[in-house]
Amino acid sequence: MFDSADPRMMAGEAKHGLEVRGLSVRSQASGKALITDVFLDAKHGEVLWIVGPSGAGKTTLLRAIAGIEHIHGGSIVVDGRVLANRSIEVPPEQRRVGMVFQNAALFPHLSAADNVAFGLNGRARPARATRAQEMLERVELADVAERLPHTLSGGEAQRVALARALATDPDVMLLDEPFAGLDPQLRTDLAAAVCRVLRDSGTVAVLVGHNPEDAMRFADRISVMHDGRVLQLGTPEEIYSHPNDAFCAGILGHVNRIPVKVQGGQVATPFGPVGAPGFSEGSAAELLVREEGLLLGNGTPVMVRSVRSLGALAVVAIQPRDDSRILHARVPADSAPAEGTEILVRLDPARAFVFPMDG
């Protein structure tokens with residue numbers, strides 16, 4: 001962790017973290033909007049994880065914060081210091097922003113230690129070597145100091161890249177798909193290790209990743225992006241349990257989608273009515289039910305059409321009576337019913353959401 005001499009940790013100094021307000025970026029070539037009116041914030045010592053499909057604007061947002069992408073509206077402020085707005089654009093090298101890319105981008109001819117020391121040009125050689133070794137120890141790679149990048153595993157290379165970026169004590173750390181291309185177990189282990197190091201460093205950490213389960217498991221807060229906009233910003237639990245719209249509901253887990261019509265402030269489902277306050281009478285809507293929101297035992301009779309094992313869990317395809325729809329329930333594998341049997345299923349209203357049909 002930072003020691004007490006770190007100027008950012010001095011008593012009495014306000015630490016606002018990262019504040020992005022109304023940020024817009026257009027393509028320099030076509031003028032097309034890449035991100036529009038983006039608002040988000042991130043605090044020191046927390047990991048903000050940005051999720052969204054390809055083309056949502058996630059990498060563009062990171063590049064704008066780093067100063068690689070010119071902004072066309074809004075502002076970027078770190079600890080009260082304006083990095084960019086309509087009249088100010090601090091050069092990337094003066095922003096105190098570190099960045100780790102998907103491919104680690106290590107210098108192939110330099111050892112791991114020399115890669116980490118590369119950005120410390122203002123220090124004497126012994127001090128650079130000491131700092132590089134300290135950072136490798138922080139990411140639990142002290143024993144690879146003399147190895148060249150081509151001898152490192154993908155996970156080791158990413159941790160060296162993280163050590164290099166943190167060596168200069170950045171105010172903000174940006175990580176763009178740092179776990180892409182890794183096998184599931186390595187990706188999970190690396191995500192846990194990287195997020196632990198980021199929190200311990202006290203920096204503001206903004207991470208882009210595609211895997212929603214990793215975001216749910218390791219992020220302090222999540223920002224959901226789609227079509228160049230932030231649709232929701234909150235803790236994993238807030239977004240999972242109280243999504244702003246159908247897109248946000250679906251991005252953090254599999255959902256069943258059922259077209260419905262609002263009548264009397266509720267919608268009818270095969271498992272009983274669900275409340276739909278705020279909708280006009282007769283309006284078309286869509287009911288989203290999380291797979292884990294369909295519970296076995298009591299309730300509505302359904303036919304089990306298939307059972308697919310996911311290891312500790314199983315996905316059960318069910319079909320209510322007199323209904324052509326196939327729905328899916330996610331249950332513990334040891335309680336999964338047999339295919340072809342009839343069972344009873346009920347709906348957990350806390351895992352069901354009603355949104356406008358066009359939402």
# chains A, B, ... in the order shown; residues from 1 in each chain; ligands from 1
>>> residues_around(residues="Ala268 in chain A", least_positions_apart="5", cutoff="12 Å", atoms="only C-alpha atoms", output="PyMOL selection string")
chain A and resi 258-263+273-276+282+284-287+354
>>> residues_around(residues="Gly155 in chain A", least_positions_apart="3", cutoff="8 Å", atoms="only C-alpha atoms", output="list in words")
Leu152, Gln158, Arg159, Phe179, Leu182, Leu186, Arg187 and Leu190 of chain A
>>> write_last_selection(atoms="N, CA, C and O atoms", output="short mmCIF file (atom, residue, chain, number, x, y, z; two decimals), in the first residue's frame")
data_model
loop_
_atom_site.label_atom_id
_atom_site.label_comp_id
_atom_site.auth_asym_id
_atom_site.auth_seq_id
_atom_site.Cartn_x
_atom_site.Cartn_y
_atom_site.Cartn_z
N LEU A 152 7.02 -15.77 -20.05
CA LEU A 152 5.97 -15.60 -19.04
C LEU A 152 4.65 -16.14 -19.55
O LEU A 152 4.36 -16.11 -20.76
N GLN A 158 0.42 -10.13 -17.66
CA GLN A 158 -0.51 -9.07 -17.28
C GLN A 158 -0.17 -8.50 -15.91
O GLN A 158 -0.31 -7.29 -15.68
N ARG A 159 0.30 -9.32 -15.01
CA ARG A 159 0.68 -8.80 -13.69
C ARG A 159 1.94 -7.94 -13.77
O ARG A 159 2.07 -6.95 -13.04
N PHE A 179 -8.16 -9.51 -18.94
CA PHE A 179 -8.27 -10.96 -18.73
C PHE A 179 -8.78 -11.69 -19.97
O PHE A 179 -9.07 -12.89 -19.91
N LEU A 182 -7.84 -15.62 -21.69
CA LEU A 182 -7.32 -16.55 -20.70
C LEU A 182 -8.36 -17.64 -20.41
O LEU A 182 -9.57 -17.41 -20.53
N LEU A 186 -7.82 -19.47 -14.90
CA LEU A 186 -6.77 -18.47 -14.82
C LEU A 186 -7.36 -17.07 -14.81
O LEU A 186 -6.90 -16.19 -14.07
N ARG A 187 -8.41 -16.86 -15.62
CA ARG A 187 -9.06 -15.54 -15.65
C ARG A 187 -9.61 -15.17 -14.27
O ARG A 187 -9.42 -14.05 -13.79
N LEU A 190 -6.67 -14.54 -11.82
CA LEU A 190 -5.98 -13.29 -12.13
C LEU A 190 -6.84 -12.09 -11.76
O LEU A 190 -6.34 -11.10 -11.22
#
>>> residues_around(residues="Ala249 in chain A", least_positions_apart="2", cutoff="10 Å", atoms="only C-alpha atoms", output="list in words")
Ile239, Tyr240, Ser241, His242, Pro243, Asn244, Asp245, Ala246, Phe247, Ile251, Leu252, Gly253, His254, Val255, Leu288, Val289, Arg290, Arg351, Ala352, Phe353 and Phe355 of chain A
>>> write_last_selection(atoms="C-alpha atoms", output="PDB file, in the first residue's frame")
ATOM      1  CA  ILE A 239     -27.866  -3.515 -10.676  1.00  0.00           C
ATOM      2  CA  TYR A 240     -28.742  -7.182 -10.252  1.00  0.00           C
ATOM      3  CA  SER A 241     -31.754  -6.553  -8.001  1.00  0.00           C
ATOM      4  CA  HIS A 242     -32.899  -3.162  -9.310  1.00  0.00           C
ATOM      5  CA  PRO A 243     -31.988  -2.849 -13.012  1.00  0.00           C
ATOM      6  CA  ASN A 244     -32.920   0.407 -14.729  1.00  0.00           C
ATOM      7  CA  ASP A 245     -34.108  -1.284 -17.905  1.00  0.00           C
ATOM      8  CA  ALA A 246     -34.318  -4.592 -19.755  1.00  0.00           C
ATOM      9  CA  PHE A 247     -30.768  -4.293 -21.084  1.00  0.00           C
ATOM     10  CA  ILE A 251     -26.403  -8.144 -18.905  1.00  0.00           C
ATOM     11  CA  LEU A 252     -25.771  -9.496 -15.392  1.00  0.00           C
ATOM     12  CA  GLY A 253     -27.348 -12.901 -15.871  1.00  0.00           C
ATOM     13  CA  HIS A 254     -29.616 -15.026 -18.023  1.00  0.00           C
ATOM     14  CA  VAL A 255     -33.272 -14.001 -18.065  1.00  0.00           C
ATOM     15  CA  LEU A 288     -38.008 -10.476 -17.408  1.00  0.00           C
ATOM     16  CA  VAL A 289     -37.515 -13.313 -14.935  1.00  0.00           C
ATOM     17  CA  ARG A 290     -34.051 -14.406 -13.884  1.00  0.00           C
ATOM     18  CA  ARG A 351     -36.209 -11.715  -9.452  1.00  0.00           C
ATOM     19  CA  ALA A 352     -38.918 -10.545 -11.862  1.00  0.00           C
ATOM     20  CA  PHE A 353     -39.002  -7.159 -13.605  1.00  0.00           C
ATOM     21  CA  PHE A 355     -40.322  -3.000 -18.479  1.00  0.00           C
TER      22      PHE A 355
END
>>> closest_residue(among="A:Ala312, A:Leu83, A:Val47, A:Ala180", to="Val194 in chain A", atoms="only C-alpha atoms")
A:Val47
>>> residues_around(residues="Leu110 in chain A", least_positions_apart="5", cutoff="10 Å", atoms="only C-alpha atoms", output="list of chain:residue names")
A:Asn115, A:Val116, A:Ala117, A:Phe118, A:Glu146, A:Arg147, A:Leu148, A:Pro149
>>> write_last_selection(atoms="N, CA, C and O atoms", output="PDB file, in the first residue's frame")
ATOM      1  N   ASN A 115      11.145  -3.953 -17.581  1.00  0.00           N
ATOM      2  CA  ASN A 115       9.858  -3.468 -18.059  1.00  0.00           C
ATOM      3  C   ASN A 115       9.190  -2.603 -16.998  1.00  0.00           C
ATOM      4  O   ASN A 115       8.666  -1.526 -17.298  1.00  0.00           O
ATOM      5  N   VAL A 116       9.199  -3.083 -15.761  1.00  0.00           N
ATOM      6  CA  VAL A 116       8.565  -2.333 -14.680  1.00  0.00           C
ATOM      7  C   VAL A 116       9.285  -1.010 -14.444  1.00  0.00           C
ATOM      8  O   VAL A 116       8.655   0.019 -14.178  1.00  0.00           O
ATOM      9  N   ALA A 117      10.611  -1.027 -14.575  1.00  0.00           N
ATOM     10  CA  ALA A 117      11.407   0.181 -14.304  1.00  0.00           C
ATOM     11  C   ALA A 117      11.393   1.173 -15.454  1.00  0.00           C
ATOM     12  O   ALA A 117      11.855   2.309 -15.291  1.00  0.00           O
ATOM     13  N   PHE A 118      10.836   0.788 -16.601  1.00  0.00           N
ATOM     14  CA  PHE A 118      10.957   1.593 -17.802  1.00  0.00           C
ATOM     15  C   PHE A 118      10.408   3.013 -17.625  1.00  0.00           C
ATOM     16  O   PHE A 118      10.979   3.977 -18.131  1.00  0.00           O
ATOM     17  N   GLU A 146      14.118 -11.455 -13.733  1.00  0.00           N
ATOM     18  CA  GLU A 146      15.104 -11.507 -14.805  1.00  0.00           C
ATOM     19  C   GLU A 146      14.603 -12.202 -16.062  1.00  0.00           C
ATOM     20  O   GLU A 146      15.335 -12.307 -17.044  1.00  0.00           O
ATOM     21  N   ARG A 147      13.370 -12.646 -16.050  1.00  0.00           N
ATOM     22  CA  ARG A 147      12.864 -13.377 -17.220  1.00  0.00           C
ATOM     23  C   ARG A 147      12.359 -12.418 -18.290  1.00  0.00           C
ATOM     24  O   ARG A 147      11.865 -11.321 -17.998  1.00  0.00           O
ATOM     25  N   LEU A 148      12.464 -12.858 -19.546  1.00  0.00           N
ATOM     26  CA  LEU A 148      11.962 -12.075 -20.674  1.00  0.00           C
ATOM     27  C   LEU A 148      10.476 -12.364 -20.884  1.00  0.00           C
ATOM     28  O   LEU A 148       9.981 -13.440 -20.506  1.00  0.00           O
ATOM     29  N   PRO A 149       9.750 -11.425 -21.495  1.00  0.00           N
ATOM     30  CA  PRO A 149       8.306 -11.581 -21.647  1.00  0.00           C
ATOM     31  C   PRO A 149       7.870 -12.884 -22.322  1.00  0.00           C
ATOM     32  O   PRO A 149       6.835 -13.457 -21.947  1.00  0.00           O
TER      33      PRO A 149
END
>>> atom_distance(atom1="CA of Ser27 in chain A", atom2="CA of Leu62 in chain A")
14.7 Å
>>> residues_around(residues="Ser223 in chain A", least_positions_apart="3", cutoff="8 Å", atoms="only C-alpha atoms", output="list in words")
Leu40, Leu48, Trp49, Ile50, Val51, Val230, Leu231, Gln232, Leu233 and Gly234 of chain A
>>> select_by_dssp(residues="range 61-294 of chain A", states="helix (DSSP H, G or I)", output="VMD selection string")
chain A and resid 61 to 66 92 to 94 112 to 117 125 to 138 142 to 144 149 to 151 154 to 166 184 to 201 212 to 218 236 to 241 246 to 251 291 to 293
>>> select_by_dssp(residues="range 257-341 of chain A", states="strand (DSSP E or B)", output="PyMOL selection string")
chain A and resi 257-263+266-267+274-275+284-290+294-309+313-320+327-332
>>> residues_around(residues="Leu162 in chain A", least_positions_apart="4", cutoff="10 Å", atoms="only C-alpha atoms", output="ChimeraX atom specification")
/A:98-101,104,116,135-136,139,156-158,166-167,173-175,178,194,197-198
>>> atom_distance(atom1="CA of Ser201 in chain A", atom2="CA of Gly74 in chain A")
28.5 Å
>>> atom_distance(atom1="CA of Glu19 in chain A", atom2="CA of Ala66 in chain A")
13.2 Å
>>> residues_around(residues="Ser306 in chain A", least_positions_apart="5", cutoff="12 Å", atoms="only C-alpha atoms", output="number ranges by chain")
A: 314-319, 326-329, 336-342
>>> write_last_selection(atoms="N, CA and C atoms", output="PDB file, in the first residue's frame")
ATOM      1  N   ALA A 314     -27.613 -26.578 -12.497  1.00  0.00           N
ATOM      2  CA  ALA A 314     -28.208 -27.154 -13.701  1.00  0.00           C
ATOM      3  C   ALA A 314     -29.252 -26.179 -14.234  1.00  0.00           C
ATOM      4  N   VAL A 315     -29.365 -26.119 -15.558  1.00  0.00           N
ATOM      5  CA  VAL A 315     -30.409 -25.314 -16.199  1.00  0.00           C
ATOM      6  C   VAL A 315     -31.509 -26.260 -16.667  1.00  0.00           C
ATOM      7  N   VAL A 316     -32.700 -26.027 -16.161  1.00  0.00           N
ATOM      8  CA  VAL A 316     -33.842 -26.893 -16.443  1.00  0.00           C
ATOM      9  C   VAL A 316     -34.782 -26.162 -17.397  1.00  0.00           C
ATOM     10  N   ALA A 317     -35.025 -26.745 -18.573  1.00  0.00           N
ATOM     11  CA  ALA A 317     -35.975 -26.183 -19.528  1.00  0.00           C
ATOM     12  C   ALA A 317     -37.364 -26.683 -19.168  1.00  0.00           C
ATOM     13  N   ILE A 318     -38.287 -25.742 -18.928  1.00  0.00           N
ATOM     14  CA  ILE A 318     -39.631 -26.110 -18.495  1.00  0.00           C
ATOM     15  C   ILE A 318     -40.664 -25.505 -19.429  1.00  0.00           C
ATOM     16  N   GLN A 319     -41.836 -26.173 -19.501  1.00  0.00           N
ATOM     17  CA  GLN A 319     -42.935 -25.684 -20.336  1.00  0.00           C
ATOM     18  C   GLN A 319     -44.221 -25.737 -19.524  1.00  0.00           C
ATOM     19  N   ILE A 326     -40.943 -22.070 -23.904  1.00  0.00           N
ATOM     20  CA  ILE A 326     -39.982 -22.806 -23.078  1.00  0.00           C
ATOM     21  C   ILE A 326     -39.238 -21.789 -22.210  1.00  0.00           C
ATOM     22  N   LEU A 327     -39.285 -21.995 -20.919  1.00  0.00           N
ATOM     23  CA  LEU A 327     -38.587 -21.131 -19.972  1.00  0.00           C
ATOM     24  C   LEU A 327     -37.462 -21.925 -19.315  1.00  0.00           C
ATOM     25  N   HIS A 328     -36.565 -21.213 -18.643  1.00  0.00           N
ATOM     26  CA  HIS A 328     -35.409 -21.877 -18.048  1.00  0.00           C
ATOM     27  C   HIS A 328     -35.272 -21.489 -16.588  1.00  0.00           C
ATOM     28  N   ALA A 329     -35.035 -22.513 -15.760  1.00  0.00           N
ATOM     29  CA  ALA A 329     -34.788 -22.327 -14.333  1.00  0.00           C
ATOM     30  C   ALA A 329     -33.381 -22.813 -14.013  1.00  0.00           C
ATOM     31  N   ALA A 336     -31.967 -31.105  -9.287  1.00  0.00           N
ATOM     32  CA  ALA A 336     -32.549 -31.009 -10.630  1.00  0.00           C
ATOM     33  C   ALA A 336     -33.503 -32.183 -10.871  1.00  0.00           C
ATOM     34  N   PRO A 337     -34.667 -31.906 -11.458  1.00  0.00           N
ATOM     35  CA  PRO A 337     -35.626 -32.991 -11.740  1.00  0.00           C
ATOM     36  C   PRO A 337     -35.213 -33.778 -12.975  1.00  0.00           C
ATOM     37  N   ALA A 338     -35.872 -34.873 -13.194  1.00  0.00           N
ATOM     38  CA  ALA A 338     -35.590 -35.711 -14.362  1.00  0.00           C
ATOM     39  C   ALA A 338     -36.337 -35.186 -15.577  1.00  0.00           C
ATOM     40  N   GLU A 339     -35.713 -35.298 -16.730  1.00  0.00           N
ATOM     41  CA  GLU A 339     -36.345 -34.891 -17.978  1.00  0.00           C
ATOM     42  C   GLU A 339     -37.607 -35.715 -18.210  1.00  0.00           C
ATOM     43  N   GLY A 340     -38.670 -35.039 -18.681  1.00  0.00           N
ATOM     44  CA  GLY A 340     -39.914 -35.716 -18.975  1.00  0.00           C
ATOM     45  C   GLY A 340     -40.876 -35.801 -17.814  1.00  0.00           C
ATOM     46  N   THR A 341     -40.487 -35.298 -16.658  1.00  0.00           N
ATOM     47  CA  THR A 341     -41.371 -35.334 -15.496  1.00  0.00           C
ATOM     48  C   THR A 341     -42.142 -34.033 -15.376  1.00  0.00           C
ATOM     49  N   GLU A 342     -43.235 -34.084 -14.620  1.00  0.00           N
ATOM     50  CA  GLU A 342     -43.994 -32.874 -14.333  1.00  0.00           C
ATOM     51  C   GLU A 342     -43.674 -32.429 -12.911  1.00  0.00           C
TER      52      GLU A 342
END
